[in-house]
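As structure tokens, the structure follows; a few thoughts come after it.
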Amino acid sequence: MAENPVRFGIIGCGEIARKVAGAIDLAPNSILYAIASRSIEKAKNFAATNGLPENVKIYGSYDQVLDDPCVDAVYMPLPTSLHVQWAVLAACKKKHLLLEKPTALDVAELDQILEACESNGVQFMDGSMWLHHPRTAKMKDLLSNYSGHLNFIHSQSTSSATPEFLESNIRVKPDLDALGVLGDSAWYCIGAILWAKDYQLPTTVTALPDVTRNLAGVILSCTASLHWDQPDTTVATIHSSFLSHSSMDLAICASKGSLHVKDFIIPYQEHSASFDFTLGSKFLDLHIGWSVKPEEVCVTSQLPQEALMVQELARLVEGIRKSKFRPDSKWPGISRKTQLVMDAVKKSIDLGCKTVNL
């Protein structure tokens with residue numbers, strides 16, 4: 001444990017907060033200092049259910065965490081409709097911010113959050129935990145150094161939601177998370193494609209006409225294509241759904257090789273993850289087989305990816321706190337580009353699947 005660990009507060013005691021509370025505890029440079037819910041009873045129940053230490057502060061309002069001078073950073077897993085209000089307030093209270101995805105309902109709201117963070121000198125990062133897994137760095141190394149030009153990318157994240165989820169989960173409620181599956185799992189899919197393209201924005205985005213909505217108009221399933229014009233022409237597709245069997249695929253086909261990972265968001269195992277990588281593969285004579293089989297590349301991780309995410313944010317906070325560094329612009333930049341593309345998919349859907357220029 002670091003000598004002066006970054007002290008985290010959690011605002012919102014939903015289900016996803018359980019995993020990040022554990023990640024804060026596992027990271028060597030952070031501690032969980034406080035939690036808050038809209039009621040003290042819910043906060044106490046969260047603490048008891050998750051076996052939090054007795055010295056963790058328990059608050060019955062979000063304001064109390066933000067007003068606590070001992071809290072350095074906050075993790076905010078609130079419904080998306082509440083992000084701009086509480087994230088801006090957190091930044092104005094000089095709290096560094098780990099904001100759950102999607103970051104906002106649109107880029108205009110996100111810009112308010114990012115401007116508040118920048119003007120108050122606090123670090124911003126969204127909760128895209130897979131970016132912090134060492135497997136992600138290994139995949140980028142192979143793609144950058146060996147694969148050649150990226151021709152086609154496909155990313156999908158699907159799950160088979162229960163009737164209870166489709167009826168009552170916040171992710172299908174227009175007043176809480178109006179973006180539905182687009183803001184939930186499609187955030188990862190869009191982020192993965194931008195990651196593969198070194199965050200170069202696509203030229204155009206077009207939703208496909210297979211959109212499924214619930215009676216309230218919230219998107220439950222969608223597909224979209226992204227296109228990059230010459231000289232760096234690439235085509236990509238995303239598919240996200242609450243209505244299909246579980247999948248988390250990322251497939252990249254380049255001029256010299258290909259990469260395929262089947263669990264890119266949440267690895268099958270916490271401490272070991274793999275992907276298939278193929279170079280120079282061709283068909284044998286008469287097309288009776290392949291000249292090269294995919295190589296399975298395995299990458300180990302001492303900490304879960306959520307703990308690595310917390311560790312990275314805490315490292316940046318420590319640099320700001322001790323060495324007067326400026327907040328790292330990398331993470332807000334990634335979030336904003338992901339939000340821009342997500343907004344474009346939403347606009348295309350709303351226009352009846354017309355092409356949207358970026």
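In the structure tokens, the first chain shown is A, the next is B, and so on; residue numbers restart at 1 for each chain, and ligands run from 1 in the order shown.
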Can you list every residue in range 178-353 of chain A that DSSP puts in strand (DSSP E), as an MDAnalysis selection string?
chainID A and resid 204:207 212:213 219:228 234:241 243:254 257:261 272:279 295:300
Report as a PyMOL selection string all protein, DNA and RNA residues lying within 6 Å of range 94-100 of chain A, evaluated on only C-alpha atoms, omitting residues in the same chain fewer than 3 positions from it.
chain A and resi 72-77+90-91+122-127
Those residues you just picked out, can you put them in a file as an mmCIF file, in the first residue's frame with all heavy atoms?
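Resulting contents of result.cif:
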data_model
loop_
_atom_site.group_PDB
_atom_site.id
_atom_site.type_symbol
_atom_site.label_atom_id
_atom_site.label_comp_id
_atom_site.auth_asym_id
_atom_site.auth_seq_id
_atom_site.Cartn_x
_atom_site.Cartn_y
_atom_site.Cartn_z
ATOM 1 N N ASP A 72 -10.438 12.416 -2.124
ATOM 2 C CA ASP A 72 -9.635 12.918 -3.247
ATOM 3 C C ASP A 72 -10.319 12.706 -4.593
ATOM 4 O O ASP A 72 -10.198 13.539 -5.498
ATOM 5 C CB ASP A 72 -8.278 12.206 -3.286
ATOM 6 C CG ASP A 72 -7.482 12.381 -2.014
ATOM 7 O OD1 ASP A 72 -7.306 13.528 -1.576
ATOM 8 O OD2 ASP A 72 -7.047 11.346 -1.446
ATOM 9 N N ALA A 73 -10.973 11.557 -4.757
ATOM 10 C CA ALA A 73 -11.554 11.176 -6.042
ATOM 11 C C ALA A 73 -12.878 10.470 -5.801
ATOM 12 O O ALA A 73 -13.092 9.868 -4.744
ATOM 13 C CB ALA A 73 -10.602 10.257 -6.807
ATOM 14 N N VAL A 74 -13.757 10.543 -6.790
ATOM 15 C CA VAL A 74 -15.044 9.867 -6.665
ATOM 16 C C VAL A 74 -15.265 8.949 -7.859
ATOM 17 O O VAL A 74 -14.909 9.276 -8.997
ATOM 18 C CB VAL A 74 -16.230 10.851 -6.545
ATOM 19 C CG1 VAL A 74 -16.163 11.602 -5.227
ATOM 20 C CG2 VAL A 74 -16.284 11.819 -7.705
ATOM 21 N N TYR A 75 -15.841 7.801 -7.571
ATOM 22 C CA TYR A 75 -16.353 6.907 -8.611
ATOM 23 C C TYR A 75 -17.851 7.114 -8.655
ATOM 24 O O TYR A 75 -18.533 7.066 -7.617
ATOM 25 C CB TYR A 75 -16.021 5.453 -8.297
ATOM 26 C CG TYR A 75 -16.756 4.466 -9.179
ATOM 27 C CD1 TYR A 75 -16.611 4.492 -10.560
ATOM 28 C CD2 TYR A 75 -17.610 3.515 -8.623
ATOM 29 C CE1 TYR A 75 -17.291 3.599 -11.370
ATOM 30 C CE2 TYR A 75 -18.285 2.604 -9.412
ATOM 31 C CZ TYR A 75 -18.126 2.651 -10.796
ATOM 32 O OH TYR A 75 -18.806 1.759 -11.585
ATOM 33 N N MET A 76 -18.391 7.323 -9.862
ATOM 34 C CA MET A 76 -19.785 7.724 -10.019
ATOM 35 C C MET A 76 -20.524 6.772 -10.957
ATOM 36 O O MET A 76 -20.509 6.944 -12.179
ATOM 37 C CB MET A 76 -19.829 9.162 -10.556
ATOM 38 C CG MET A 76 -21.173 9.833 -10.449
ATOM 39 S SD MET A 76 -21.067 11.596 -10.920
ATOM 40 C CE MET A 76 -20.099 12.269 -9.569
ATOM 41 N N PRO A 77 -21.191 5.744 -10.401
ATOM 42 C CA PRO A 77 -21.953 4.809 -11.231
ATOM 43 C C PRO A 77 -23.455 5.146 -11.257
ATOM 44 O O PRO A 77 -24.312 4.265 -11.174
ATOM 45 C CB PRO A 77 -21.701 3.477 -10.524
ATOM 46 C CG PRO A 77 -21.619 3.851 -9.069
ATOM 47 C CD PRO A 77 -21.046 5.246 -9.018
ATOM 48 N N ALA A 90 -18.968 17.548 -8.719
ATOM 49 C CA ALA A 90 -17.775 16.890 -8.176
ATOM 50 C C ALA A 90 -16.510 17.615 -8.616
ATOM 51 O O ALA A 90 -15.600 17.857 -7.813
ATOM 52 C CB ALA A 90 -17.734 15.430 -8.617
ATOM 53 N N ALA A 91 -16.433 17.976 -9.893
ATOM 54 C CA ALA A 91 -15.260 18.686 -10.389
ATOM 55 C C ALA A 91 -15.112 20.048 -9.713
ATOM 56 O O ALA A 91 -14.001 20.459 -9.360
ATOM 57 C CB ALA A 91 -15.353 18.848 -11.903
ATOM 58 N N VAL A 122 -8.811 18.815 -12.301
ATOM 59 C CA VAL A 122 -9.010 17.456 -11.811
ATOM 60 C C VAL A 122 -8.976 16.460 -12.961
ATOM 61 O O VAL A 122 -9.308 16.791 -14.102
ATOM 62 C CB VAL A 122 -10.334 17.305 -11.024
ATOM 63 C CG1 VAL A 122 -10.319 18.200 -9.798
ATOM 64 C CG2 VAL A 122 -11.548 17.608 -11.886
ATOM 65 N N GLN A 123 -8.548 15.247 -12.658
ATOM 66 C CA GLN A 123 -8.419 14.194 -13.659
ATOM 67 C C GLN A 123 -9.779 13.570 -13.956
ATOM 68 O O GLN A 123 -10.564 13.310 -13.051
ATOM 69 C CB GLN A 123 -7.463 13.108 -13.178
ATOM 70 C CG GLN A 123 -7.216 12.014 -14.191
ATOM 71 C CD GLN A 123 -6.509 12.517 -15.443
ATOM 72 O OE1 GLN A 123 -5.486 13.188 -15.362
ATOM 73 N NE2 GLN A 123 -7.076 12.207 -16.609
ATOM 74 N N PHE A 124 -10.024 13.319 -15.236
ATOM 75 C CA PHE A 124 -11.243 12.633 -15.679
ATOM 76 C C PHE A 124 -10.859 11.312 -16.325
ATOM 77 O O PHE A 124 -9.880 11.220 -17.058
ATOM 78 C CB PHE A 124 -12.006 13.490 -16.692
ATOM 79 C CG PHE A 124 -13.209 12.793 -17.292
ATOM 80 C CD1 PHE A 124 -14.459 12.940 -16.719
ATOM 81 C CD2 PHE A 124 -13.082 11.988 -18.424
ATOM 82 C CE1 PHE A 124 -15.567 12.296 -17.264
ATOM 83 C CE2 PHE A 124 -14.179 11.343 -18.969
ATOM 84 C CZ PHE A 124 -15.420 11.499 -18.383
ATOM 85 N N MET A 125 -11.670 10.294 -16.064
ATOM 86 C CA MET A 125 -11.516 8.991 -16.714
ATOM 87 C C MET A 125 -12.874 8.306 -16.707
ATOM 88 O O MET A 125 -13.628 8.420 -15.744
ATOM 89 C CB MET A 125 -10.493 8.131 -15.961
ATOM 90 C CG MET A 125 -10.214 6.757 -16.581
ATOM 91 S SD MET A 125 -9.060 5.777 -15.572
ATOM 92 C CE MET A 125 -7.528 6.659 -15.873
ATOM 93 N N ASP A 126 -13.217 7.623 -17.804
ATOM 94 C CA ASP A 126 -14.457 6.840 -17.774
ATOM 95 C C ASP A 126 -14.154 5.391 -17.408
ATOM 96 O O ASP A 126 -13.000 4.977 -17.337
ATOM 97 C CB ASP A 126 -15.248 6.979 -19.083
ATOM 98 C CG ASP A 126 -14.699 6.138 -20.241
ATOM 99 O OD1 ASP A 126 -14.459 4.933 -20.058
ATOM 100 O OD2 ASP A 126 -14.542 6.679 -21.361
ATOM 101 N N GLY A 127 -15.194 4.617 -17.172
ATOM 102 C CA GLY A 127 -15.051 3.275 -16.618
ATOM 103 C C GLY A 127 -14.825 2.175 -17.635
ATOM 104 O O GLY A 127 -15.258 1.033 -17.394
#
Just want the 9 Å neighbourhood of Asp184 in chain A, counted on only C-alpha atoms, with same-chain residues fewer than 5 positions away dropped. Output as a list in words.
Lys101, Pro102, Arg171, Asp177, Leu179 and Ser240 of chain A
Dump as a PDB file, in the first residue's frame, selection limited to C-alpha atoms:
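What landed in again-v1.pdb:
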ATOM      1  CA  LYS A 101     -20.022   4.809 -19.038  1.00  0.00           C
ATOM      2  CA  PRO A 102     -21.778   6.090 -21.006  1.00  0.00           C
ATOM      3  CA  ARG A 171     -30.855   0.740 -18.701  1.00  0.00           C
ATOM      4  CA  ASP A 177     -30.585   5.713 -19.198  1.00  0.00           C
ATOM      5  CA  LEU A 179     -29.603   5.432 -24.642  1.00  0.00           C
ATOM      6  CA  SER A 240     -25.035  -4.588 -29.493  1.00  0.00           C
TER       7      SER A 240
END
Closest contacts (range 130-229 of chain A/range 296-315 of chain A, max 6 Å, only C-alpha atoms) as JSON lines:
{"residue": "A:His132", "atom": "CA", "partner": "A:Met309", "partner_atom": "CA", "distance": 5.5}
{"residue": "A:His133", "atom": "CA", "partner": "A:Gln305", "partner_atom": "CA", "distance": 5.0}
{"residue": "A:Arg135", "atom": "CA", "partner": "A:Val299", "partner_atom": "CA", "distance": 5.5}
Expected file contents, prior selection, N, CA, C and O atoms, as a PDB file, in the first residue's frame:
ATOM      1  N   HIS A 132      -7.387  -1.056 -19.688  1.00  0.00           N
ATOM      2  CA  HIS A 132      -6.296  -1.105 -18.719  1.00  0.00           C
ATOM      3  C   HIS A 132      -5.721  -2.510 -18.537  1.00  0.00           C
ATOM      4  O   HIS A 132      -4.742  -2.681 -17.811  1.00  0.00           O
ATOM      5  N   HIS A 133      -6.314  -3.508 -19.182  1.00  0.00           N
ATOM      6  CA  HIS A 133      -5.795  -4.868 -19.081  1.00  0.00           C
ATOM      7  C   HIS A 133      -4.516  -4.986 -19.900  1.00  0.00           C
ATOM      8  O   HIS A 133      -4.421  -4.445 -21.005  1.00  0.00           O
ATOM      9  N   ARG A 135      -3.487  -7.312 -21.650  1.00  0.00           N
ATOM     10  CA  ARG A 135      -3.776  -7.922 -22.949  1.00  0.00           C
ATOM     11  C   ARG A 135      -4.025  -6.858 -24.010  1.00  0.00           C
ATOM     12  O   ARG A 135      -3.608  -7.013 -25.172  1.00  0.00           O
TER      13      ARG A 135
END
Residues within 8 Å of range 145-154 of chain A, please, as a list in words. Count only C-alpha atoms; anything in the same chain fewer than 6 positions from it doesn't count.
Ile193, Lys197, Asp232, Thr233, Thr234, Val235, Ala236, Thr237, Ile238, Asp249, Leu250, Ala251, Ile252, Cys253, Ala254, Ser255, Lys256, Gly257, Ser258 and Leu279 of chain A
Taking the backbone alone, and naming residues the way the document does, which bits of range 252-310 of chain A are alpha helix (DSSP H) by DSSP, as a PyMOL selection string?
chain A and resi 305-310
Take the selection from the previous step and output its residues with N, CA, C and O atoms, as a tab-separated table (two decimals), in the first residue's frame.
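Dumped everything to part11.tsv:
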chain	number	residue	atom	x	y	z
A	305	GLN	N	-8.67	-6.13	-14.12
A	305	GLN	CA	-8.59	-4.92	-14.94
A	305	GLN	C	-9.24	-3.71	-14.27
A	305	GLN	O	-8.78	-2.57	-14.46
A	306	GLU	N	-10.26	-3.93	-13.45
A	306	GLU	CA	-10.88	-2.81	-12.74
A	306	GLU	C	-9.91	-2.20	-11.73
A	306	GLU	O	-9.86	-0.98	-11.56
A	307	ALA	N	-9.12	-3.05	-11.07
A	307	ALA	CA	-8.13	-2.55	-10.13
A	307	ALA	C	-7.00	-1.81	-10.86
A	307	ALA	O	-6.49	-0.80	-10.36
A	308	LEU	N	-6.64	-2.28	-12.04
A	308	LEU	CA	-5.64	-1.58	-12.84
A	308	LEU	C	-6.14	-0.21	-13.29
A	308	LEU	O	-5.37	0.75	-13.37
A	309	MET	N	-7.43	-0.14	-13.60
A	309	MET	CA	-8.04	1.15	-13.96
A	309	MET	C	-7.96	2.12	-12.78
A	309	MET	O	-7.55	3.28	-12.94
A	310	VAL	N	-8.34	1.66	-11.60
A	310	VAL	CA	-8.27	2.49	-10.40
A	310	VAL	C	-6.83	2.89	-10.11
A	310	VAL	O	-6.54	4.05	-9.77
For Val181 in chain A, the nearest of the candidates A:Lys346, A:Lys330, A:His245, A:Arg7, counting only C-alpha atoms
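Using only C-alpha atoms, Val181 in chain A sits closest to A:Lys346.
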For Ile31 in chain A, find every residue with an atom within 7 Å (counting only C-alpha atoms), except residues of its own chain fewer than 4 positions away, and show them as a PyMOL selection string.
chain A and resi 5-8+24-25
Write the residues of the selection above to a file with N, CA, C and O atoms, as a tab-separated table (two decimals), in the first residue's frame.
chain	number	residue	atom	x	y	z
A	5	PRO	N	-2.24	6.86	0.12
A	5	PRO	CA	-3.11	6.41	-0.96
A	5	PRO	C	-4.19	7.43	-1.29
A	5	PRO	O	-4.62	8.22	-0.44
A	6	VAL	N	-4.63	7.41	-2.54
A	6	VAL	CA	-5.72	8.27	-2.98
A	6	VAL	C	-7.02	7.75	-2.35
A	6	VAL	O	-7.34	6.57	-2.43
A	7	ARG	N	-7.75	8.67	-1.73
A	7	ARG	CA	-8.96	8.30	-0.99
A	7	ARG	C	-10.19	8.47	-1.88
A	7	ARG	O	-10.49	9.58	-2.31
A	8	PHE	N	-10.85	7.37	-2.15
A	8	PHE	CA	-12.00	7.35	-3.05
A	8	PHE	C	-13.31	7.42	-2.28
A	8	PHE	O	-13.46	6.80	-1.23
A	24	ILE	N	-10.99	-0.79	-5.82
A	24	ILE	CA	-10.33	0.27	-5.05
A	24	ILE	C	-9.53	-0.34	-3.91
A	24	ILE	O	-8.41	0.10	-3.60
A	25	ASP	N	-10.09	-1.37	-3.29
A	25	ASP	CA	-9.40	-2.05	-2.19
A	25	ASP	C	-8.16	-2.80	-2.69
A	25	ASP	O	-7.14	-2.85	-2.00
So which residues touch Gly191 in chain A within 12 Å, counting only C-alpha atoms, skipping near sequence neighbours fewer than 3 positions away, as a PyMOL selection string?
chain A and resi 101-102+126-131+153-157+182-188+194-201+236+238+250+264-265+331+333-342
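A straight line drawn from CA of Ser30 in chain A to CA of Ala2 in chain A is 7.6 Å long.
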